[in-house]
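**Student:** Pasting a structure below so you can have a look.
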Amino acid sequence: MSQKEPAAKKPNTSSLDRPALWGLTLIFFALAAIFFFLPTGNSIPIPDPASVSPKDIDPSPRFTPLSDPPKAMVNGFERTCMDCHVSIDSQPHSTDLHQHANIELQHGINTRCVTCHDSKNRNLLATLDNKTFTYAQSSQLCSQCHGPVYRQWERGIHGKTLGYWDAKLGKSEKLTCTQCHDPHHPRFDAIKPLPGPNTLRMGDQETGDSQDHGDHKRNPLLLPPHSKTTDSHLPAHESKH
Ligand code: HEC
Ligand code: HEC
Ligand code: HEC
Ligand code: HEC
């Protein structure tokens, strides 16, 4: 008796014959195809990507500062300062500019050209106590009035250092004040912000509108409507915010 029992449990493979097996396989394939191609009714509105011009994220210095001897473009010609100034007497109190009409001085109460330019030798910059600097040393000129910012710049807190951290790999280059600031108009104009992130789940959670997408189709990736009722599960002090 005990020997007969295992034989009875043996699965009866012949009850599912071959044509039926094939039929079932076909039906499953057909169902898979239908589910795959059936439109779901959900379309995810994808806004056009915001375009960013490479110019807006250019890390290179804003200005190319003067080198020594300094040259200026005057009336379309490049001249060294002393080409002309050798024969021009300085008029330290004049604000009437004809040759240098491109210069519009907007530097706080710093309204005289000779607070920074040496009145005799135009190839040099000068402090108020007549210490002179070459154009390559122009950052030291700024230090006489902007001590705290100058010290921050020396320590790498203000400004920018390009190149290598590791001195074995290459040199590091600290940008000078005049590579970022126009000495005659040092304040930066307002900088236009770059576009913010725009992921698929962004947009108005209440109406379901995606950002920059006005066709009023509900974005299925956003929170379902009325989901804000879940706030009531929060402790009282959190749901008040
Ligand atoms: C083409 C000739 C010419 C060149 C080159 C030139 N300047 Fe002048 N500059 C003048 C004249 C003329 C004046 C008198 C004011 C005016 O007409 O703009 C003047 C005035 C100035 C002033 C006004 C203060 C003062 O003492 O009268 C400064 C500062 C100055 N120049 C600096 C420079 C520097 C720095 C350079 C070189 C980077 C330079 N200039 C190159 C012709 C020139
Ligand atoms: C706060 C200091 C300061 C004052 C004030 C100042 N300058 Fe300058 N100026 C500089 C420095 C620094 C440079 C060198 C800039 C560079 O390296 O690019 C310069 C460059 C120049 C140049 C050559 C570059 C150019 O933009 O053409 C001229 C010309 C010039 N200054 C004229 C003047 C005149 C004219 C005045 C008065 C109206 C004046 N500056 C006032 C600091 C000053
Ligand atoms: C003789 C003194 C003097 C020198 C030299 C000088 N500055 Fe200034 N700077 C001033 C004054 C004064 C102000 C105005 C501060 C204010 O309005 O609160 C100012 C303001 C500024 C500002 C802020 C502008 C703003 O409106 O927020 C910058 C940036 C600046 N300077 C950069 C420089 C640079 C770069 C140099 C060197 C090329 C320089 N300064 C040289 C006196 C000076
Ligand atoms: C890499 C660029 C860069 C360099 C280099 C740089 N600055 Fe600035 N600086 C800035 C920017 C950006 C601001 C902020 C401008 C704004 O908010 O309008 C600023 C602000 C300032 C201000 C006004 C705000 C403050 O903190 O008081 C001063 C003054 C100033 N800089 C002076 C200097 C001097 C002096 C040097 C050189 C020793 C220098 N900067 C070098 C980019 C630079």
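In the structure tokens, chains take the letters A, B, ... in the order shown, each chain's residues start at 1, and ligands count up from 1 in the order shown.
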Give the alpha helix (DSSP H) residues of stretch 12-62 of chain A, as assigned by DSSP on the backbone, as number ranges by chain.
**Tutor:** A: 18-37
**Student:** Write a file of the selected residues as a PDB file, in the first residue's frame, keeping N, CA and C atoms.
**Tutor:**
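The file below, selection08.pdb, is the result:
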ATOM      1  N   ARG A  18      -0.040  19.052 -26.595  1.00  0.00           N
ATOM      2  CA  ARG A  18       0.785  20.057 -27.269  1.00  0.00           C
ATOM      3  C   ARG A  18       0.000  21.222 -27.887  1.00  0.00           C
ATOM      4  N   PRO A  19      -1.048  20.967 -28.674  1.00  0.00           N
ATOM      5  CA  PRO A  19      -1.776  22.109 -29.299  1.00  0.00           C
ATOM      6  C   PRO A  19      -2.278  23.097 -28.251  1.00  0.00           C
ATOM      7  N   ALA A  20      -2.773  22.578 -27.113  1.00  0.00           N
ATOM      8  CA  ALA A  20      -3.285  23.483 -26.067  1.00  0.00           C
ATOM      9  C   ALA A  20      -2.159  24.353 -25.514  1.00  0.00           C
ATOM     10  N   LEU A  21      -0.955  23.728 -25.333  1.00  0.00           N
ATOM     11  CA  LEU A  21       0.194  24.495 -24.819  1.00  0.00           C
ATOM     12  C   LEU A  21       0.551  25.647 -25.752  1.00  0.00           C
ATOM     13  N   TRP A  22       0.585  25.309 -27.050  1.00  0.00           N
ATOM     14  CA  TRP A  22       0.920  26.343 -28.044  1.00  0.00           C
ATOM     15  C   TRP A  22      -0.124  27.454 -28.027  1.00  0.00           C
ATOM     16  N   GLY A  23      -1.386  27.035 -27.934  1.00  0.00           N
ATOM     17  CA  GLY A  23      -2.482  28.011 -27.917  1.00  0.00           C
ATOM     18  C   GLY A  23      -2.300  28.990 -26.762  1.00  0.00           C
ATOM     19  N   LEU A  24      -2.019  28.436 -25.556  1.00  0.00           N
ATOM     20  CA  LEU A  24      -1.842  29.285 -24.367  1.00  0.00           C
ATOM     21  C   LEU A  24      -0.680  30.257 -24.565  1.00  0.00           C
ATOM     22  N   THR A  25       0.442  29.728 -25.117  1.00  0.00           N
ATOM     23  CA  THR A  25       1.615  30.586 -25.336  1.00  0.00           C
ATOM     24  C   THR A  25       1.231  31.750 -26.235  1.00  0.00           C
ATOM     25  N   LEU A  26       0.514  31.440 -27.321  1.00  0.00           N
ATOM     26  CA  LEU A  26       0.117  32.494 -28.269  1.00  0.00           C
ATOM     27  C   LEU A  26      -0.747  33.543 -27.577  1.00  0.00           C
ATOM     28  N   ILE A  27      -1.703  33.043 -26.750  1.00  0.00           N
ATOM     29  CA  ILE A  27      -2.598  33.994 -26.072  1.00  0.00           C
ATOM     30  C   ILE A  27      -1.790  34.923 -25.173  1.00  0.00           C
ATOM     31  N   PHE A  28      -0.815  34.355 -24.434  1.00  0.00           N
ATOM     32  CA  PHE A  28      -0.003  35.221 -23.551  1.00  0.00           C
ATOM     33  C   PHE A  28       0.794  36.241 -24.354  1.00  0.00           C
ATOM     34  N   PHE A  29       1.337  35.804 -25.495  1.00  0.00           N
ATOM     35  CA  PHE A  29       2.089  36.760 -26.332  1.00  0.00           C
ATOM     36  C   PHE A  29       1.173  37.866 -26.831  1.00  0.00           C
ATOM     37  N   ALA A  30      -0.034  37.472 -27.280  1.00  0.00           N
ATOM     38  CA  ALA A  30      -0.975  38.467 -27.806  1.00  0.00           C
ATOM     39  C   ALA A  30      -1.327  39.470 -26.705  1.00  0.00           C
ATOM     40  N   LEU A  31      -1.588  38.945 -25.476  1.00  0.00           N
ATOM     41  CA  LEU A  31      -1.926  39.851 -24.357  1.00  0.00           C
ATOM     42  C   LEU A  31      -0.766  40.810 -24.075  1.00  0.00           C
ATOM     43  N   ALA A  32       0.460  40.249 -24.061  1.00  0.00           N
ATOM     44  CA  ALA A  32       1.630  41.108 -23.786  1.00  0.00           C
ATOM     45  C   ALA A  32       1.711  42.213 -24.827  1.00  0.00           C
ATOM     46  N   ALA A  33       1.482  41.843 -26.103  1.00  0.00           N
ATOM     47  CA  ALA A  33       1.564  42.849 -27.173  1.00  0.00           C
ATOM     48  C   ALA A  33       0.489  43.907 -26.979  1.00  0.00           C
ATOM     49  N   ILE A  34      -0.743  43.457 -26.629  1.00  0.00           N
ATOM     50  CA  ILE A  34      -1.831  44.439 -26.444  1.00  0.00           C
ATOM     51  C   ILE A  34      -1.495  45.397 -25.318  1.00  0.00           C
ATOM     52  N   PHE A  35      -1.021  44.843 -24.165  1.00  0.00           N
ATOM     53  CA  PHE A  35      -0.709  45.736 -23.038  1.00  0.00           C
ATOM     54  C   PHE A  35       0.425  46.694 -23.390  1.00  0.00           C
ATOM     55  N   PHE A  36       1.352  46.180 -24.218  1.00  0.00           N
ATOM     56  CA  PHE A  36       2.509  47.013 -24.557  1.00  0.00           C
ATOM     57  C   PHE A  36       2.100  48.196 -25.431  1.00  0.00           C
ATOM     58  N   PHE A  37       1.233  47.916 -26.446  1.00  0.00           N
ATOM     59  CA  PHE A  37       0.915  48.976 -27.416  1.00  0.00           C
ATOM     60  C   PHE A  37      -0.326  49.787 -27.051  1.00  0.00           C
TER      61      PHE A  37
END
**Student:** Can you check which parts of chain A lie within 9 Å of ligand 1? Per residue, the shortest pair of atoms and distance in Å to one decimal, counting only C-alpha atoms and all ligand atoms, sorted by chain and number, as CSV.
**Tutor:**
residue,atom,partner,partner_atom_place_in_ligand_line,distance
A:Leu66,CA,ligand 1,38 (C),7.7
A:Pro69,CA,ligand 1,38 (C),8.4
A:Pro70,CA,ligand 1,38 (C),4.9
A:Lys71,CA,ligand 1,38 (C),4.5
A:Ala72,CA,ligand 1,38 (C),4.3
A:Met73,CA,ligand 1,5 (C),7.0
A:Val74,CA,ligand 1,1 (C),5.2
A:Asn75,CA,ligand 1,1 (C),7.2
A:Phe77,CA,ligand 1,1 (C),7.9
A:Glu78,CA,ligand 1,5 (C),7.1
A:Arg79,CA,ligand 1,5 (C),4.5
A:Thr80,CA,ligand 1,5 (C),5.4
A:Cys81,CA,ligand 1,37 (C),3.3
A:Met82,CA,ligand 1,41 (C),6.6
A:Asp83,CA,ligand 1,5 (C),5.8
A:Cys84,CA,ligand 1,2 (C),4.3
A:His85,CA,ligand 1,7 (N),5.9
A:Ile88,CA,ligand 1,12 (C),6.7
A:Asp89,CA,ligand 1,27 (O),6.9
A:Ser90,CA,ligand 1,26 (O),3.5
A:Gln91,CA,ligand 1,27 (O),3.9
A:Pro92,CA,ligand 1,26 (O),4.7
A:His93,CA,ligand 1,24 (C),7.5
A:Ser94,CA,ligand 1,27 (O),6.5
A:Thr95,CA,ligand 1,23 (C),7.6
A:Asp96,CA,ligand 1,15 (C),6.2
A:Leu97,CA,ligand 1,18 (O),3.4
A:His98,CA,ligand 1,17 (O),3.6
A:Gln99,CA,ligand 1,18 (O),3.7
A:His100,CA,ligand 1,18 (O),4.4
A:Ala101,CA,ligand 1,18 (O),6.3
A:Arg112,CA,ligand 1,24 (C),7.6
A:Cys113,CA,ligand 1,29 (C),4.7
A:Val114,CA,ligand 1,29 (C),5.9
A:Thr115,CA,ligand 1,29 (C),8.9
A:Cys116,CA,ligand 1,29 (C),7.8
A:His117,CA,ligand 1,29 (C),5.3
A:Asp118,CA,ligand 1,29 (C),7.6
A:Ser119,CA,ligand 1,26 (O),5.4
A:Lys120,CA,ligand 1,26 (O),8.0
A:Asn121,CA,ligand 1,35 (C),8.9
A:Arg122,CA,ligand 1,35 (C),5.1
A:Asn123,CA,ligand 1,35 (C),6.5
A:Leu124,CA,ligand 1,35 (C),7.7
A:Leu125,CA,ligand 1,35 (C),8.0
**Student:** Please produce a file of the residues just selected, as a short mmCIF file (atom, residue, chain, number, x, y, z; two decimals), in the first residue's frame, where the atoms kept are C-alpha atoms.
**Tutor:**
data_model
loop_
_atom_site.label_atom_id
_atom_site.label_comp_id
_atom_site.auth_asym_id
_atom_site.auth_seq_id
_atom_site.Cartn_x
_atom_site.Cartn_y
_atom_site.Cartn_z
CA LEU A 66 47.02 96.60 -19.48
CA PRO A 69 54.20 99.98 -21.05
CA PRO A 70 50.44 100.69 -21.08
CA LYS A 71 48.70 101.41 -24.37
CA ALA A 72 45.32 102.96 -25.06
CA MET A 73 43.03 102.97 -28.07
CA VAL A 74 42.49 106.66 -28.78
CA ASN A 75 40.41 107.60 -31.85
CA PHE A 77 44.72 104.09 -32.94
CA GLU A 78 46.71 102.18 -30.35
CA ARG A 79 49.21 104.53 -28.66
CA THR A 80 51.35 104.35 -25.58
CA CYS A 81 50.25 106.84 -22.95
CA MET A 82 53.43 108.84 -23.16
CA ASP A 83 53.13 109.28 -26.96
CA CYS A 84 50.75 112.09 -26.14
CA HIS A 85 51.25 112.85 -22.50
CA ILE A 88 50.30 117.44 -22.41
CA ASP A 89 50.22 119.16 -19.06
CA SER A 90 48.10 117.36 -16.54
CA GLN A 91 44.88 119.09 -15.58
CA PRO A 92 44.13 117.27 -12.37
CA HIS A 93 40.84 119.03 -11.69
CA SER A 94 39.42 118.87 -15.19
CA THR A 95 36.52 116.54 -15.82
CA ASP A 96 36.27 117.62 -19.43
CA LEU A 97 37.42 114.61 -21.44
CA HIS A 98 37.82 114.70 -25.20
CA GLN A 99 40.49 112.12 -25.96
CA HIS A 100 39.31 109.70 -23.29
CA ALA A 101 35.61 110.12 -23.90
CA ARG A 112 39.64 112.55 -9.84
CA CYS A 113 41.81 110.83 -12.42
CA VAL A 114 45.01 111.63 -10.53
CA THR A 115 43.98 109.79 -7.37
CA CYS A 116 45.12 106.71 -9.32
CA HIS A 117 47.16 107.94 -12.31
CA ASP A 118 50.55 109.54 -11.81
CA SER A 119 50.20 113.14 -12.95
CA LYS A 120 53.64 113.27 -14.62
CA ASN A 121 54.38 109.75 -15.84
CA ARG A 122 51.28 108.20 -17.41
CA ASN A 123 53.05 104.86 -17.62
CA LEU A 124 52.61 104.58 -13.88
CA LEU A 125 49.79 104.45 -11.37
#
**Student:** For the contact check between chain A and ligand 4, emit one row per residue of chain A within 10 Å, containing the shortest atom pair and the distance in Å rounded to one decimal, counting only C-alpha atoms and all ligand atoms, chain then rising number order, as CSV.
**Tutor:**
residue,atom,partner,partner_atom_place_in_ligand_line,distance
A:Pro59,CA,ligand 4,1 (C),9.0
A:Ser60,CA,ligand 4,1 (C),9.0
A:Pro61,CA,ligand 4,1 (C),7.1
A:Arg62,CA,ligand 4,2 (C),8.0
A:Phe63,CA,ligand 4,2 (C),9.9
A:Ser138,CA,ligand 4,37 (C),8.6
A:Ser139,CA,ligand 4,38 (C),5.1
A:Gln140,CA,ligand 4,38 (C),7.2
A:Leu141,CA,ligand 4,35 (C),8.4
A:Cys142,CA,ligand 4,35 (C),4.9
A:Ser143,CA,ligand 4,35 (C),5.9
A:Gln144,CA,ligand 4,35 (C),8.9
A:Cys145,CA,ligand 4,35 (C),8.0
A:His146,CA,ligand 4,35 (C),5.3
A:Gly147,CA,ligand 4,35 (C),7.5
A:Pro148,CA,ligand 4,27 (O),8.1
A:Val149,CA,ligand 4,35 (C),5.6
A:Tyr150,CA,ligand 4,38 (C),4.1
A:Arg151,CA,ligand 4,38 (C),7.4
A:Gln152,CA,ligand 4,38 (C),7.8
A:Trp153,CA,ligand 4,38 (C),5.2
A:Glu154,CA,ligand 4,38 (C),7.1
A:Gly156,CA,ligand 4,5 (C),9.4
A:Ile157,CA,ligand 4,6 (C),9.7
A:His158,CA,ligand 4,6 (C),6.0
A:Gly159,CA,ligand 4,4 (C),3.5
A:Lys160,CA,ligand 4,1 (C),4.2
A:Thr161,CA,ligand 4,1 (C),7.6
A:Leu162,CA,ligand 4,1 (C),9.4
A:Lys174,CA,ligand 4,5 (C),7.2
A:Leu175,CA,ligand 4,5 (C),4.6
A:Thr176,CA,ligand 4,5 (C),4.8
A:Cys177,CA,ligand 4,37 (C),3.5
A:Thr178,CA,ligand 4,5 (C),7.0
A:Gln179,CA,ligand 4,5 (C),6.0
A:Cys180,CA,ligand 4,2 (C),4.4
A:His181,CA,ligand 4,7 (N),6.3
A:Asp182,CA,ligand 4,40 (N),10.0
A:Pro183,CA,ligand 4,35 (C),9.5
A:Pro186,CA,ligand 4,30 (C),7.6
A:Arg187,CA,ligand 4,18 (O),5.3
A:Phe188,CA,ligand 4,18 (O),4.4
A:Asp189,CA,ligand 4,18 (O),6.5
A:Ala190,CA,ligand 4,18 (O),6.8
A:Ile191,CA,ligand 4,18 (O),8.4
**Student:** Selected residues, C-alpha atoms, written as a PDB file, in the first residue's frame, please.
**Tutor:**
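Contents of the output file selection-v6.pdb:
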ATOM      1  CA  PRO A  59      34.990  81.084 -16.618  1.00  0.00           C
ATOM      2  CA  SER A  60      37.714  83.167 -18.290  1.00  0.00           C
ATOM      3  CA  PRO A  61      38.563  86.672 -16.980  1.00  0.00           C
ATOM      4  CA  ARG A  62      36.214  89.532 -17.940  1.00  0.00           C
ATOM      5  CA  PHE A  63      38.951  91.972 -18.938  1.00  0.00           C
ATOM      6  CA  SER A 138      47.552  97.594 -10.157  1.00  0.00           C
ATOM      7  CA  SER A 139      46.058  95.395  -7.407  1.00  0.00           C
ATOM      8  CA  GLN A 140      48.367  97.084  -4.896  1.00  0.00           C
ATOM      9  CA  LEU A 141      46.944 100.427  -5.956  1.00  0.00           C
ATOM     10  CA  CYS A 142      43.469  99.179  -4.994  1.00  0.00           C
ATOM     11  CA  SER A 143      44.796  98.017  -1.618  1.00  0.00           C
ATOM     12  CA  GLN A 144      45.334 101.579  -0.358  1.00  0.00           C
ATOM     13  CA  CYS A 145      41.553 102.110  -0.172  1.00  0.00           C
ATOM     14  CA  HIS A 146      40.197  98.529  -0.118  1.00  0.00           C
ATOM     15  CA  GLY A 147      42.412  96.968   2.549  1.00  0.00           C
ATOM     16  CA  PRO A 148      39.978  94.314   3.851  1.00  0.00           C
ATOM     17  CA  VAL A 149      38.994  93.106   0.358  1.00  0.00           C
ATOM     18  CA  TYR A 150      42.647  93.159  -0.703  1.00  0.00           C
ATOM     19  CA  ARG A 151      43.631  90.928   2.238  1.00  0.00           C
ATOM     20  CA  GLN A 152      40.752  88.583   1.445  1.00  0.00           C
ATOM     21  CA  TRP A 153      41.924  88.470  -2.174  1.00  0.00           C
ATOM     22  CA  GLU A 154      45.485  87.641  -1.059  1.00  0.00           C
ATOM     23  CA  GLY A 156      41.859  83.482  -1.918  1.00  0.00           C
ATOM     24  CA  ILE A 157      38.543  84.465  -0.281  1.00  0.00           C
ATOM     25  CA  HIS A 158      37.748  87.260  -2.752  1.00  0.00           C
ATOM     26  CA  GLY A 159      38.310  86.852  -6.495  1.00  0.00           C
ATOM     27  CA  LYS A 160      39.302  83.668  -8.278  1.00  0.00           C
ATOM     28  CA  THR A 161      42.307  81.408  -8.695  1.00  0.00           C
ATOM     29  CA  LEU A 162      42.653  79.428 -11.903  1.00  0.00           C
ATOM     30  CA  LYS A 174      45.287  84.489  -9.205  1.00  0.00           C
ATOM     31  CA  LEU A 175      43.168  86.912 -11.232  1.00  0.00           C
ATOM     32  CA  THR A 176      44.039  90.570 -10.583  1.00  0.00           C
ATOM     33  CA  CYS A 177      41.406  93.123  -9.507  1.00  0.00           C
ATOM     34  CA  THR A 178      41.341  94.663 -12.999  1.00  0.00           C
ATOM     35  CA  GLN A 179      40.660  91.291 -14.657  1.00  0.00           C
ATOM     36  CA  CYS A 180      37.216  91.417 -13.036  1.00  0.00           C
ATOM     37  CA  HIS A 181      36.587  95.080 -12.153  1.00  0.00           C
ATOM     38  CA  ASP A 182      36.763  98.026 -14.536  1.00  0.00           C
ATOM     39  CA  PRO A 183      38.745 100.462 -12.343  1.00  0.00           C
ATOM     40  CA  PRO A 186      34.068  98.843 -10.613  1.00  0.00           C
ATOM     41  CA  ARG A 187      30.527  97.901  -9.664  1.00  0.00           C
ATOM     42  CA  PHE A 188      29.207  94.862 -11.522  1.00  0.00           C
ATOM     43  CA  ASP A 189      26.012  95.288 -13.443  1.00  0.00           C
ATOM     44  CA  ALA A 190      23.267  92.957 -12.243  1.00  0.00           C
ATOM     45  CA  ILE A 191      24.061  89.412 -13.403  1.00  0.00           C
TER      46      ILE A 191
END
**Student:** Using only C-alpha atoms and all ligand atoms, pick whichever of A:Lys131, A:His184, A:Arg155, A:Lys55 has the shortest atom-to-atom distance to ligand 2.
**Tutor:**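 Closest candidate: A:His184.
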**Student:** Choose the residue, out of A:Trp165, A:Ala136, A:Thr40, A:Pro45, that has the smallest atom-to-atom separation from A:Asn219; count only C-alpha atoms.
**Tutor:**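 That would be A:Pro45, the residue with the smallest distance to A:Asn219.
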**Student:** According to DSSP computed on the backbone, where in stretch 28-229 of chain A is there strand (DSSP E or B)? Give the residues as a list of chain:residue names.
**Tutor:** A:Lys71, A:Ala72, A:Met73, A:Val74, A:Phe77, A:Glu78, A:Arg79, A:Thr80, A:His117, A:Leu125, A:Ala126, A:Thr132, A:Phe133, A:Thr161, A:Leu162, A:Gly163, A:Ser172, A:Glu173, A:Lys174, A:Asp182, A:His185
**Student:** Smallest atom-to-atom distance to ligand 3: which of A:Glu104, A:Asp129, A:Asp58, A:Asp17, using only C-alpha atoms and all ligand atoms?
**Tutor:**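 Closest residue, counting only C-alpha atoms and all ligand atoms: A:Asp129.
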**Student:** Closest to ligand 3 among A:Gly163, A:Pro47, A:Pro65, A:Pro224, using only C-alpha atoms and all ligand atoms?
**Tutor:**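 Comparing A:Gly163, A:Pro47, A:Pro65, A:Pro224 against ligand 3, the winner is A:Pro65.
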**Student:** What does the structure give for the distance between atom CA of A:Asp68 and atom 30 (C, counted along the ligand's line) of ligand 2, in Å to one decimal?
**Tutor:**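 Calculated distance between atom CA of A:Asp68 and atom 30 (C, counted along the ligand's line) of ligand 2 is 13.8 Å.
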**Student:** Using only C-alpha atoms and all ligand atoms, can you tell me which of A:Val86, A:Leu105, A:Leu221, A:Ala126 comes closest to ligand 2?
**Tutor:**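 When distances to ligand 2 are compared using only C-alpha atoms and all ligand atoms, the smallest one comes from A:Leu105.
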**Student:** Smallest atom-to-atom distance to ligand 2: which of A:Ile44, A:Gly170, A:His185, A:Asn130, using only C-alpha atoms and all ligand atoms?
**Tutor:**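 Among the listed residues, A:His185 lies closest to ligand 2.
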